[in-house]
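Written out below as structure tokens is the structure these notes cover.
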Amino acid sequence: MGDLYESQRAMRNMRKAAMQRGVVAILDVGTSKIACLVLRFDGPEQFRTSDGVGSMAGQSQFRVIGAATTRSRGVRFGEVDAMQETERAIRTAVQAAQKMANVRVDHVIACLAGARPRSYGLDGSVDIVGGMVSEQDIGRVMAACDVPDYGADRDVLHAQPVNFALDHRSGMADPRGQIGNRLNTDMHMLTVDATAIQNLFYCIKRCDLELAGLASSAYVSGISALVEDEQELGAACIDLGGGSTGVSVFMKKHMIYADAVRMGGDHVTSDISMGLQIPANTAERIKTFYGGVVATGMDDREMIEIGGETGDWEHDRRTVSRAELIGIMRPRVEEILEEVRLRLDAAGFEHLPSQQIVLTGGGSQIPGLDGLASKILGQQVRLGRPLRVQGLPQAAIGPAFSSAVGLTLFAANPQDEWWDFEIPADTYPARSLKRAVKWFKDNW
């Protein structure tokens, strides 16, 4: 664990170096596309605003000066599967974005979608020496959190303090400078498959780039697709990607739970491809133009020409009714949403004061999806598009870019992670491990 802590600290230093140089690349390595955005930062970072603990708080002004996407290769379920193919695709996207930006980029901040995320809620408490909470006390209270034995084959991707309590006052964002005797913290920790991170790290290194940060796609999608009130009062972001569907839950402006379902839009496409016996790219086109999940009487009569180049005239002239297409798509979409519901139940989502659900990602564009989702997941469902970011080209503003845009926000203003503090080396004896969501009931 020490080595991971050190490598995360090293990435933070790279990020500082990139900020000083003024440019950084954002890389969303997905199953269906790889998106690269080049950001230019204006002026120094303003450190330490009241918006949260620690040195990383504080907005930076930036604008997108280059953008490119390329078809993803070698990625399955949101994880790098075939290194060389992914490396080539990353290189293609980064070079195209650099060309548009007309600047060379050395540092990249990336997000990954799959990697079997697991969420933990930890808590710790320490006595305050000297009566006033200092930066060191924050480090000490985080060290006092008992870290579960999450397995040798896993790495910590995020570890964020999501709540502080000082004596009897809970729900504090930043307790420093406050007077009190005992400090408590709740921390959300997200671990992922170590191999998934190593593979991505390796691909990026092979492209002669330095990794200056790594985030979970589910997390960054939530940052860009949930509005501020939703992040504050409680909401879930469902990011329907190509190879996996990310689930993240936010509360008090922090992510408190994340998971992923190993299914996405590609699975719907392959169902169409198998059901109609057509190649995947034809199935993708038909899904995009004619797809849906709710059939009306009209759809029996609307015929879709499948087309094809097999040379068999009968085969190439086939048509299918839209109702049949919907009949193929709906069961898979329902299956994905049922899986999402299981994850939300596991998170204790029903205990939140607000249960808003926001669907985003490329797969969220299927007509009728919001209605079906509110049947399966609960009433308050809306479709979410990412926030507008300065300089973002028209081609990159749809829901398919939620994680890429969220990653720009994460790059400009990362939340504190425990590696942003000096954590004393002699960690304390083990303490209780709580479910990520238990502290709502205790504190709100």
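In the structure tokens, each chain is lettered A, B, ... as it comes, each chain's residues begin at 1, and ligands are numbered from 1 in order of appearance.
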Close residues, Ser403 of chain A itself excluded, 8 Å, only C-alpha atoms, min 2 positions apart in chain, as number ranges by chain: A: 28, 111, 217-218, 220-222, 224, 361, 400-401, 405-407
List every residue of segment 240-347 of chain A that has an atom at most 9 Å from any atom of segment 61-79 of chain A, and for each one report the closest atom pair and its distance in Å to one decimal, counting only C-alpha atoms, with rows sorted by chain and then by increasing residue number, as JSON lines.
```
{"residue": "A:Gly241", "atom": "CA", "partner": "A:Gly78", "partner_atom": "CA", "distance": 8.4}
{"residue": "A:Gly242", "atom": "CA", "partner": "A:Phe77", "partner_atom": "CA", "distance": 7.9}
{"residue": "A:Gly243", "atom": "CA", "partner": "A:Phe77", "partner_atom": "CA", "distance": 4.3}
{"residue": "A:Ser244", "atom": "CA", "partner": "A:Phe77", "partner_atom": "CA", "distance": 5.1}
{"residue": "A:Thr245", "atom": "CA", "partner": "A:Phe77", "partner_atom": "CA", "distance": 8.8}
{"residue": "A:Val261", "atom": "CA", "partner": "A:Phe77", "partner_atom": "CA", "distance": 8.8}
{"residue": "A:Arg262", "atom": "CA", "partner": "A:Phe77", "partner_atom": "CA", "distance": 5.7}
{"residue": "A:Met263", "atom": "CA", "partner": "A:Phe77", "partner_atom": "CA", "distance": 7.0}
{"residue": "A:Gly264", "atom": "CA", "partner": "A:Phe77", "partner_atom": "CA", "distance": 8.2}
```
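Here atom CA of Met251 of chain A and atom CA of Ala235 of chain A stand 6.8 Å from one another.
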Residues near Arg91 of chain A, cut-off 8 Å, only C-alpha atoms, skip fewer than 4 positions along chain, as a list of chain:residue names: A:Glu87, A:Gln95, A:Cys207
Next, write the just-selected residues to a file, as a PDB file, in the first residue's frame, keeping N, CA, C and O atoms as the atom set.
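New file again09.pdb:
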```
ATOM      1  N   GLU A  87      -2.669   1.110 -27.319  1.00  0.00           N
ATOM      2  CA  GLU A  87      -1.582   2.084 -27.404  1.00  0.00           C
ATOM      3  C   GLU A  87      -1.658   2.866 -28.719  1.00  0.00           C
ATOM      4  O   GLU A  87      -1.543   4.094 -28.731  1.00  0.00           O
ATOM      5  N   GLN A  95      -2.260  12.539 -30.758  1.00  0.00           N
ATOM      6  CA  GLN A  95      -1.599  13.296 -31.834  1.00  0.00           C
ATOM      7  C   GLN A  95      -2.573  14.236 -32.539  1.00  0.00           C
ATOM      8  O   GLN A  95      -2.245  15.382 -32.814  1.00  0.00           O
ATOM      9  N   CYS A 207       3.355   5.590 -25.034  1.00  0.00           N
ATOM     10  CA  CYS A 207       3.093   6.717 -25.936  1.00  0.00           C
ATOM     11  C   CYS A 207       3.958   7.920 -25.563  1.00  0.00           C
ATOM     12  O   CYS A 207       3.695   9.045 -26.008  1.00  0.00           O
TER      13      CYS A 207
END
```
In segment 1-41 of chain A, DSSP helix (DSSP H, G or I) residues written as an NGL selection string: :A and (2-21)
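Using only C-alpha atoms, the smallest distance between any of A:Arg176, A:Lys16, A:Arg140, A:Lys33 and Asp266 of chain A comes from A:Lys33.
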Nearby residues (only C-alpha atoms) at most 6 Å from segment 323-330 of chain A, same-chain spacing under 6 positions excluded, as a PDB file with C-alpha atoms, in the first residue's frame:
```pdb
ATOM      1  CA  VAL A 268     -27.247  -4.116 -27.287  1.00  0.00           C
ATOM      2  CA  GLY A 292     -35.761   2.436 -29.034  1.00  0.00           C
ATOM      3  CA  VAL A 293     -37.190   0.577 -26.047  1.00  0.00           C
ATOM      4  CA  ALA A 295     -43.014   0.193 -29.085  1.00  0.00           C
ATOM      5  CA  ASP A 299     -43.788   0.653 -35.013  1.00  0.00           C
ATOM      6  CA  ASP A 300     -45.346  -2.520 -36.438  1.00  0.00           C
TER       7      ASP A 300
END
```
Nearest-residue call for Ala152 of chain A, choices A:Val192, A:Ala115, A:Val133, A:Val320, using only C-alpha atoms: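 Looking only at the distances to Ala152 of chain A, the closest residue turns out to be A:Val192.
Closest approach to Glu228 of chain A among A:His254, A:Gly213, A:Val103, A:Ala25: A:His254, based on only C-alpha atoms.
Nearest to Ala35 of chain A of all the residues A:Ala395, A:Glu417, A:Gly124, A:Arg343 is A:Ala395, based on only C-alpha atoms.
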Residue contacts of Gly371 of chain A (9 Å, only C-alpha atoms) excluding same-chain residues fewer than 3 positions away, as a VMD selection string: chain A and resid 294 368 374 to 376 381
Test item: residues at most 6 Å from Ile238 of chain A, only C-alpha atoms, excluding those fewer than 5 positions along its chain, as a PyMOL selection string: chain A and resi 246-247+359
Those of segment 173-293 of chain A in DSSP strand (DSSP E or B), formatted as a VMD selection string: chain A and resid 179 182 to 193 210 to 216 235 to 240 245 to 251 254 to 261
Using only C-alpha atoms: which of A:Thr86, A:Thr185, A:Gln160, A:Ser216 has the shortest distance to Ala110 of chain A: A:Ser216
Non-local contacts of Met11 of chain A (12 Å; only C-alpha atoms; under 4 positions in same chain excluded) as a VMD selection string: chain A and resid 4 to 7 15 to 18 107 to 110 201 210 to 215 411 419 to 420
